Amino acid sequence: MPAEPTIAETFVTACAAHGVKRLFGVPGGGSSLDLIAAARAQDVGFVLTQTETAAVLMAAVTAELTGAPGVALTGIGPGAASALNGVAYAALERAPLLLVTDCAGPDPAVFSAHQRFDQGAVFSPLVKETARLDETAGTADIDRLLALAAAPPQGPVHVDLSAAVAAMPAVPPAANEALGRRENPEPLDEAALTAGREILKHAKRPVIAAGLYARTAPAAAGLRALAADLRCPVLLTYKAKGVLPDDDPRMVGLLTGARVEAPCLERADLILFYGLDPVELIPSRWAYRAPIVDLSPTPGALPVPPAAQVSGPLADLAGALIGRGQASAWQDEEIAALKADMSGRLTMPPAQGRSAQAVVETAALAAPPGTRATVDSGAHMVSAMAFWPATAPLDVLKSNGLSTMAYALPAAIAAALADPARGVIAFTGDAGLMMCLGELATAARLGCRIAVIVFNDAALSLIEVKQRRQGRATTDIQYPAVDFAAIAEGLGCRAWRADPNDDLPSILTQAFDHTFAAGAGPAVIDVAVDPSGYPAQLQALRG
């Protein structure tokens with residue numbers, strides 16, 4: 001008779017049943033080795049990364065792109081601790097993630113304080129649950145943890161698993177146990193829906209503000225139908241960019257909680273939050289007097305108390321409101337003028353050197369249609385988010401709730417693995433790339449179809465802007481100039497350097513042909529940029 005499957009084998013089987021295609025991580029010497037072996041036997045991939053932080057970011061981004069939970073593995077102690085920033089990303093960006101960390105075994109005769117701390121306590125403030133699998137673990141336990149990560153609001157779950165337990169036989173599933181079982185969705189709250197309809201019925205100038213929960217195909221379709229029905233302006237958070245195409249006549253621009261969107265929101269007599277999570281807005285006082293009707297898959301705290309709050313599938317909520325409004329007072333020309341005004345205010349002033357905006361716009365012209373973008377945090381992000389075109393959800397990936405640096409490269413690798421035929425451009429600053437530089441070797445080893453564009457100004461430019469605004473000396477935030485092209489070549493990538501007088505369109509065409517057309521592996525383009533336009537752009541954005 002065949003042996004009962006081990007807990008590690010059962011774990012991988014449950015992951016596959018939930019749609020997981022690959023695991024990410026830096027293995028230790030414990031249960032992670034059992035999980036990798038089980039994954040190989042079941043044709044589930046394992047992606048070895050250079051750092052645990054990058055592994056967890058890749059797993060979380062994979063979850064956002066595929067809808068299946070992301071799974072990451074780390075060793076005990078330092079490996080687990082290094083995963084913390086990625087777990088924070090999953091928590092604040094609402095990404096379903098299961099982090100499995102090696103831990104000490106259950107044998108009380110073996111004691112050592114070496115590499116040991118309470119890993120569950122470290123992750124507890126960030127995760128939906130922290131658990132320790134023991135010899136009683138079975139399919140139901142693992143399935144429950146995966147389902148918990150995927151349940152709204154989605155987020156991370158942490159599991160401690162020792163090598164001794166991973167090798168034990170799993171508890172057989174009960175006869176009535178069903179992998180992937182889901183509860184029937186709750187019916188819409190008709191009283192809340194009626195209240196929302198009544199407010200909408202009296203609104204002449206509604207504005208839709210859509211967020212990260214609008215990125216699914218049904219939710220995006222619902223938004224497009226609702227915007228067309230109401231004939232109203234739409235603002236999108238960074239995470240929702242592309243849910244309504246940038247060239248749609250209703251699309252005004254991006255919503256961050258700053259002042260650049262004020263001319264639009266100040267004219268509204270109703271603001272419809274459509275799948276918007278408050279974590280997406282920068283800390284600021286909500287300055288708008290129009291009532292809010294909140295449409296969301298899951299209720300939550302908002303900047304101000306809403307006039308009505310309706311929870312449920314966004315596509316259903318949009319359908320329930322279509323045809324319930326009155327004739328819009330918005331004119332097409334007025335919406336177009338608001339869009340042009342926002343774009344104009346975010347346009348960087350003329351610079352002596354090459355601006356970040358010029359780099360983004362040149363890349364958009366040179367890149368093949370359908371190229372996805374990932375964007376790191378830093379001063380360059382305003383230009384990348386404002387001027388890179390998007391036509392569909394998840395065309396652009398950005399850390400927003402956490403706004404972590406060292407995101408664009410791991411996110412690009414995850415995106416390239418999830419959709420190998422689609423090219424990805426990672427827009428990153430020099431400081432952000434330095435934080436995850438080793439992952440260029442990961443991209444090269446995997447042959448990822450990505451182009452990394454580095455905005456190289458040898459400084460923390462966003463921090464320098466903040467120093468100037470606070471009247472501080474702009475000191476202690478400059479770096480020695482780094483030749484990223486040379487480093488990238490040493491890590492296995494093809495690389496180009498674009499100095500101020502070089503022909504950037506020609507360089508980008510060569511790099512894009514290498515990685516996108518020929519599929520010959522990642523390209524790195526080290527672009528010297530002039531940071532002088534950042535202060536004016538940030539002033540226009542945030543006031």
# chains A, B, ... in the order shown; residues from 1 in each chain; ligands from 1
$ residues_around --residues "A:Thr74" --least-positions-apart "3" --cutoff "6 Å" --atoms "only C-alpha atoms" --output "list in words"
Gly25, Val26, Pro27, Gly79, Ala80 and Thr101 of chain A
$ select_by_dssp --residues "stretch 41-214 of chain A" --states "strand (DSSP E)" --output "NGL selection string"
:A and (45-48 or 70-74 or 97-103 or 130-132 or 156-162 or 206-210)
$ write_last_selection --atoms "C-alpha atoms" --output "PDB file, in the first residue's frame"
ATOM      1  CA  GLY A  45       7.418  25.425  -9.434  1.00  0.00           C
ATOM      2  CA  PHE A  46       9.871  26.845  -6.941  1.00  0.00           C
ATOM      3  CA  VAL A  47      11.592  30.189  -7.574  1.00  0.00           C
ATOM      4  CA  LEU A  48      14.812  30.721  -5.677  1.00  0.00           C
ATOM      5  CA  GLY A  70       0.897  33.629  -3.075  1.00  0.00           C
ATOM      6  CA  VAL A  71       3.164  31.259  -1.147  1.00  0.00           C
ATOM      7  CA  ALA A  72       6.662  32.036   0.144  1.00  0.00           C
ATOM      8  CA  LEU A  73       9.133  29.923   2.134  1.00  0.00           C
ATOM      9  CA  THR A  74      11.942  31.018   4.458  1.00  0.00           C
ATOM     10  CA  LEU A  97      -0.290  35.424   0.979  1.00  0.00           C
ATOM     11  CA  LEU A  98       0.805  32.353   2.922  1.00  0.00           C
ATOM     12  CA  LEU A  99       4.278  32.648   4.452  1.00  0.00           C
ATOM     13  CA  VAL A 100       5.773  29.378   5.706  1.00  0.00           C
ATOM     14  CA  THR A 101       8.791  29.682   7.990  1.00  0.00           C
ATOM     15  CA  ASP A 102      11.043  26.913   9.258  1.00  0.00           C
ATOM     16  CA  CYS A 103      10.904  26.521  13.027  1.00  0.00           C
ATOM     17  CA  THR A 130      -0.289  32.978  12.730  1.00  0.00           C
ATOM     18  CA  ALA A 131      -0.361  29.210  13.164  1.00  0.00           C
ATOM     19  CA  ARG A 132       2.010  26.379  13.979  1.00  0.00           C
ATOM     20  CA  PRO A 156      -1.182  37.476   4.747  1.00  0.00           C
ATOM     21  CA  VAL A 157      -1.224  34.389   6.948  1.00  0.00           C
ATOM     22  CA  HIS A 158       1.887  33.049   8.703  1.00  0.00           C
ATOM     23  CA  VAL A 159       2.650  29.379   9.343  1.00  0.00           C
ATOM     24  CA  ASP A 160       5.503  27.906  11.391  1.00  0.00           C
ATOM     25  CA  LEU A 161       6.395  24.405  10.165  1.00  0.00           C
ATOM     26  CA  SER A 162       9.259  22.284  11.463  1.00  0.00           C
ATOM     27  CA  PRO A 206     -21.330  62.680  -8.929  1.00  0.00           C
ATOM     28  CA  VAL A 207     -17.668  61.682  -9.091  1.00  0.00           C
ATOM     29  CA  ILE A 208     -16.466  58.067  -8.889  1.00  0.00           C
ATOM     30  CA  ALA A 209     -13.287  57.375  -6.912  1.00  0.00           C
ATOM     31  CA  ALA A 210     -12.225  53.775  -7.562  1.00  0.00           C
TER      32      ALA A 210
END
$ residues_around --residues "A:Ala458" --least-positions-apart "2" --cutoff "7 Å" --atoms "only C-alpha atoms" --output "MDAnalysis selection string"
chainID A and resid 430 456 478:481
$ residues_around --residues "A:Thr298" --least-positions-apart "6" --cutoff "9 Å" --atoms "only C-alpha atoms" --output "ChimeraX atom specification"
/A:152-153,275,310-313
$ closest_residue --among "A:Glu489, A:Glu266, A:Glu198, A:Asp395" --to "A:Val375" --atoms "only C-alpha atoms"
A:Asp395
$ atom_distance --atom1 "atom CA of A:Leu92" --atom2 "atom CA of A:Ala418"
21.9 Å
$ select_by_dssp --residues "stretch 135-197 of chain A" --states "alpha helix (DSSP H)" --output "PDB file with N, CA and C atoms, in the first residue's frame"
ATOM      1  N   THR A 139      -5.485  18.110   5.617  1.00  0.00           N
ATOM      2  CA  THR A 139      -5.940  18.915   4.488  1.00  0.00           C
ATOM      3  C   THR A 139      -6.826  20.068   4.939  1.00  0.00           C
ATOM      4  N   ALA A 140      -7.712  19.786   5.876  1.00  0.00           N
ATOM      5  CA  ALA A 140      -8.663  20.822   6.305  1.00  0.00           C
ATOM      6  C   ALA A 140      -7.943  22.018   6.911  1.00  0.00           C
ATOM      7  N   ASP A 141      -6.891  21.774   7.695  1.00  0.00           N
ATOM      8  CA  ASP A 141      -6.154  22.874   8.325  1.00  0.00           C
ATOM      9  C   ASP A 141      -5.462  23.746   7.286  1.00  0.00           C
ATOM     10  N   ILE A 142      -4.817  23.111   6.326  1.00  0.00           N
ATOM     11  CA  ILE A 142      -4.086  23.863   5.307  1.00  0.00           C
ATOM     12  C   ILE A 142      -5.049  24.602   4.393  1.00  0.00           C
ATOM     13  N   ASP A 143      -6.136  23.923   4.024  1.00  0.00           N
ATOM     14  CA  ASP A 143      -7.144  24.566   3.178  1.00  0.00           C
ATOM     15  C   ASP A 143      -7.741  25.781   3.870  1.00  0.00           C
ATOM     16  N   ARG A 144      -7.968  25.667   5.166  1.00  0.00           N
ATOM     17  CA  ARG A 144      -8.555  26.795   5.906  1.00  0.00           C
ATOM     18  C   ARG A 144      -7.621  27.999   5.894  1.00  0.00           C
ATOM     19  N   LEU A 145      -6.323  27.773   6.044  1.00  0.00           N
ATOM     20  CA  LEU A 145      -5.373  28.882   6.066  1.00  0.00           C
ATOM     21  C   LEU A 145      -5.281  29.555   4.698  1.00  0.00           C
ATOM     22  N   LEU A 146      -5.287  28.763   3.644  1.00  0.00           N
ATOM     23  CA  LEU A 146      -5.280  29.349   2.292  1.00  0.00           C
ATOM     24  C   LEU A 146      -6.552  30.140   2.032  1.00  0.00           C
ATOM     25  N   ALA A 147      -7.691  29.580   2.449  1.00  0.00           N
ATOM     26  CA  ALA A 147      -8.960  30.279   2.255  1.00  0.00           C
ATOM     27  C   ALA A 147      -9.018  31.561   3.074  1.00  0.00           C
ATOM     28  N   LEU A 148      -8.434  31.533   4.265  1.00  0.00           N
ATOM     29  CA  LEU A 148      -8.408  32.733   5.106  1.00  0.00           C
ATOM     30  C   LEU A 148      -7.622  33.847   4.430  1.00  0.00           C
ATOM     31  N   ALA A 149      -6.477  33.522   3.841  1.00  0.00           N
ATOM     32  CA  ALA A 149      -5.697  34.546   3.141  1.00  0.00           C
ATOM     33  C   ALA A 149      -6.488  35.166   2.001  1.00  0.00           C
ATOM     34  N   ALA A 150      -7.309  34.361   1.320  1.00  0.00           N
ATOM     35  CA  ALA A 150      -8.042  34.830   0.144  1.00  0.00           C
ATOM     36  C   ALA A 150      -9.366  35.493   0.482  1.00  0.00           C
ATOM     37  N   ALA A 163      10.760  20.797  10.285  1.00  0.00           N
ATOM     38  CA  ALA A 163      11.094  19.690   9.388  1.00  0.00           C
ATOM     39  C   ALA A 163      10.508  18.382   9.910  1.00  0.00           C
ATOM     40  N   ALA A 164      10.523  18.201  11.236  1.00  0.00           N
ATOM     41  CA  ALA A 164       9.989  16.959  11.799  1.00  0.00           C
ATOM     42  C   ALA A 164       8.502  16.807  11.500  1.00  0.00           C
ATOM     43  N   VAL A 165       7.762  17.881  11.657  1.00  0.00           N
ATOM     44  CA  VAL A 165       6.320  17.822  11.387  1.00  0.00           C
ATOM     45  C   VAL A 165       6.060  17.692   9.892  1.00  0.00           C
ATOM     46  N   ALA A 166       6.831  18.408   9.060  1.00  0.00           N
ATOM     47  CA  ALA A 166       6.613  18.346   7.613  1.00  0.00           C
ATOM     48  C   ALA A 166       6.721  16.931   7.080  1.00  0.00           C
ATOM     49  N   GLU A 190     -30.416  45.350   1.300  1.00  0.00           N
ATOM     50  CA  GLU A 190     -31.366  46.171   0.545  1.00  0.00           C
ATOM     51  C   GLU A 190     -31.597  47.530   1.195  1.00  0.00           C
ATOM     52  N   ALA A 191     -31.564  47.591   2.522  1.00  0.00           N
ATOM     53  CA  ALA A 191     -31.769  48.882   3.188  1.00  0.00           C
ATOM     54  C   ALA A 191     -30.616  49.832   2.867  1.00  0.00           C
ATOM     55  N   ALA A 192     -29.379  49.334   2.943  1.00  0.00           N
ATOM     56  CA  ALA A 192     -28.226  50.174   2.612  1.00  0.00           C
ATOM     57  C   ALA A 192     -28.235  50.547   1.139  1.00  0.00           C
ATOM     58  N   LEU A 193     -28.625  49.606   0.297  1.00  0.00           N
ATOM     59  CA  LEU A 193     -28.684  49.875  -1.130  1.00  0.00           C
ATOM     60  C   LEU A 193     -29.736  50.930  -1.444  1.00  0.00           C
ATOM     61  N   THR A 194     -30.864  50.861  -0.775  1.00  0.00           N
ATOM     62  CA  THR A 194     -31.923  51.866  -0.973  1.00  0.00           C
ATOM     63  C   THR A 194     -31.427  53.249  -0.557  1.00  0.00           C
ATOM     64  N   ALA A 195     -30.684  53.310   0.554  1.00  0.00           N
ATOM     65  CA  ALA A 195     -30.149  54.599   0.996  1.00  0.00           C
ATOM     66  C   ALA A 195     -29.179  55.159  -0.035  1.00  0.00           C
ATOM     67  N   GLY A 196     -28.338  54.311  -0.588  1.00  0.00           N
ATOM     68  CA  GLY A 196     -27.405  54.762  -1.615  1.00  0.00           C
ATOM     69  C   GLY A 196     -28.117  55.229  -2.868  1.00  0.00           C
ATOM     70  N   ARG A 197     -29.134  54.501  -3.273  1.00  0.00           N
ATOM     71  CA  ARG A 197     -29.906  54.902  -4.465  1.00  0.00           C
ATOM     72  C   ARG A 197     -30.591  56.247  -4.256  1.00  0.00           C
TER      73      ARG A 197
END
$ residues_around --residues "A:Cys264" --least-positions-apart "3" --cutoff "9 Å" --atoms "only C-alpha atoms" --output "PyMOL selection string"
chain A and resi 207+233+235+252+260-261+267-268+335+338-339
$ closest_residue --among "A:Ala228, A:Ala81, A:Leu23, A:Leu254" --to "A:Gln115" --atoms "only C-alpha atoms"
A:Ala81
$ closest_residue --among "A:Thr442, A:Leu84, A:Asp376, A:Pro420" --to "A:Cys493" --atoms "only C-alpha atoms"
A:Thr442
$ residues_around --residues "A:Ala485" --least-positions-apart "4" --cutoff "7 Å" --atoms "only C-alpha atoms" --output "count of residues only"
7
$ closest_residue --among "A:Val12, A:Leu226, A:Leu57, A:Ala451" --to "A:Arg40" --atoms "only C-alpha atoms"
A:Val12
$ closest_residue --among "A:Ala38, A:Ala55, A:Ala221, A:Ala8" --to "A:Leu133" --atoms "only C-alpha atoms"
A:Ala8
$ closest_residue --among "A:Gly519, A:Ala536, A:Ala408, A:Ala416" --to "A:Pro350" --atoms "only C-alpha atoms"
A:Ala536
$ residues_around --residues "A:Ala219" --least-positions-apart "4" --cutoff "8 Å" --atoms "only C-alpha atoms" --output "VMD selection string"
chain A and resid 213 to 215 223 313 to 315
$ write_last_selection --atoms "N, CA and C atoms" --output "mmCIF file, in the first residue's frame"
data_model
loop_
_atom_site.group_PDB
_atom_site.id
_atom_site.type_symbol
_atom_site.label_atom_id
_atom_site.label_comp_id
_atom_site.auth_asym_id
_atom_site.auth_seq_id
_atom_site.Cartn_x
_atom_site.Cartn_y
_atom_site.Cartn_z
ATOM 1 N N TYR A 213 -9.940 47.335 -4.971
ATOM 2 C CA TYR A 213 -10.885 46.226 -5.109
ATOM 3 C C TYR A 213 -11.587 46.223 -6.464
ATOM 4 N N ALA A 214 -11.380 47.267 -7.257
ATOM 5 C CA ALA A 214 -12.006 47.340 -8.579
ATOM 6 C C ALA A 214 -11.184 46.656 -9.658
ATOM 7 N N ARG A 215 -10.085 45.976 -9.287
ATOM 8 C CA ARG A 215 -9.169 45.458 -10.299
ATOM 9 C C ARG A 215 -9.609 44.127 -10.907
ATOM 10 N N LEU A 223 -17.523 49.137 -13.186
ATOM 11 C CA LEU A 223 -17.144 50.548 -13.103
ATOM 12 C C LEU A 223 -17.342 51.244 -14.444
ATOM 13 N N PRO A 313 -20.331 42.202 -3.855
ATOM 14 C CA PRO A 313 -19.553 42.190 -5.100
ATOM 15 C C PRO A 313 -19.746 43.499 -5.861
ATOM 16 N N LEU A 314 -18.649 44.131 -6.253
ATOM 17 C CA LEU A 314 -18.744 45.454 -6.861
ATOM 18 C C LEU A 314 -19.554 45.442 -8.149
ATOM 19 N N ALA A 315 -19.405 44.407 -8.954
ATOM 20 C CA ALA A 315 -20.168 44.347 -10.201
ATOM 21 C C ALA A 315 -21.668 44.354 -9.904
#
$ atom_distance --atom1 "atom CA of A:Trp330" --atom2 "atom CA of A:Leu394"
28.6 Å
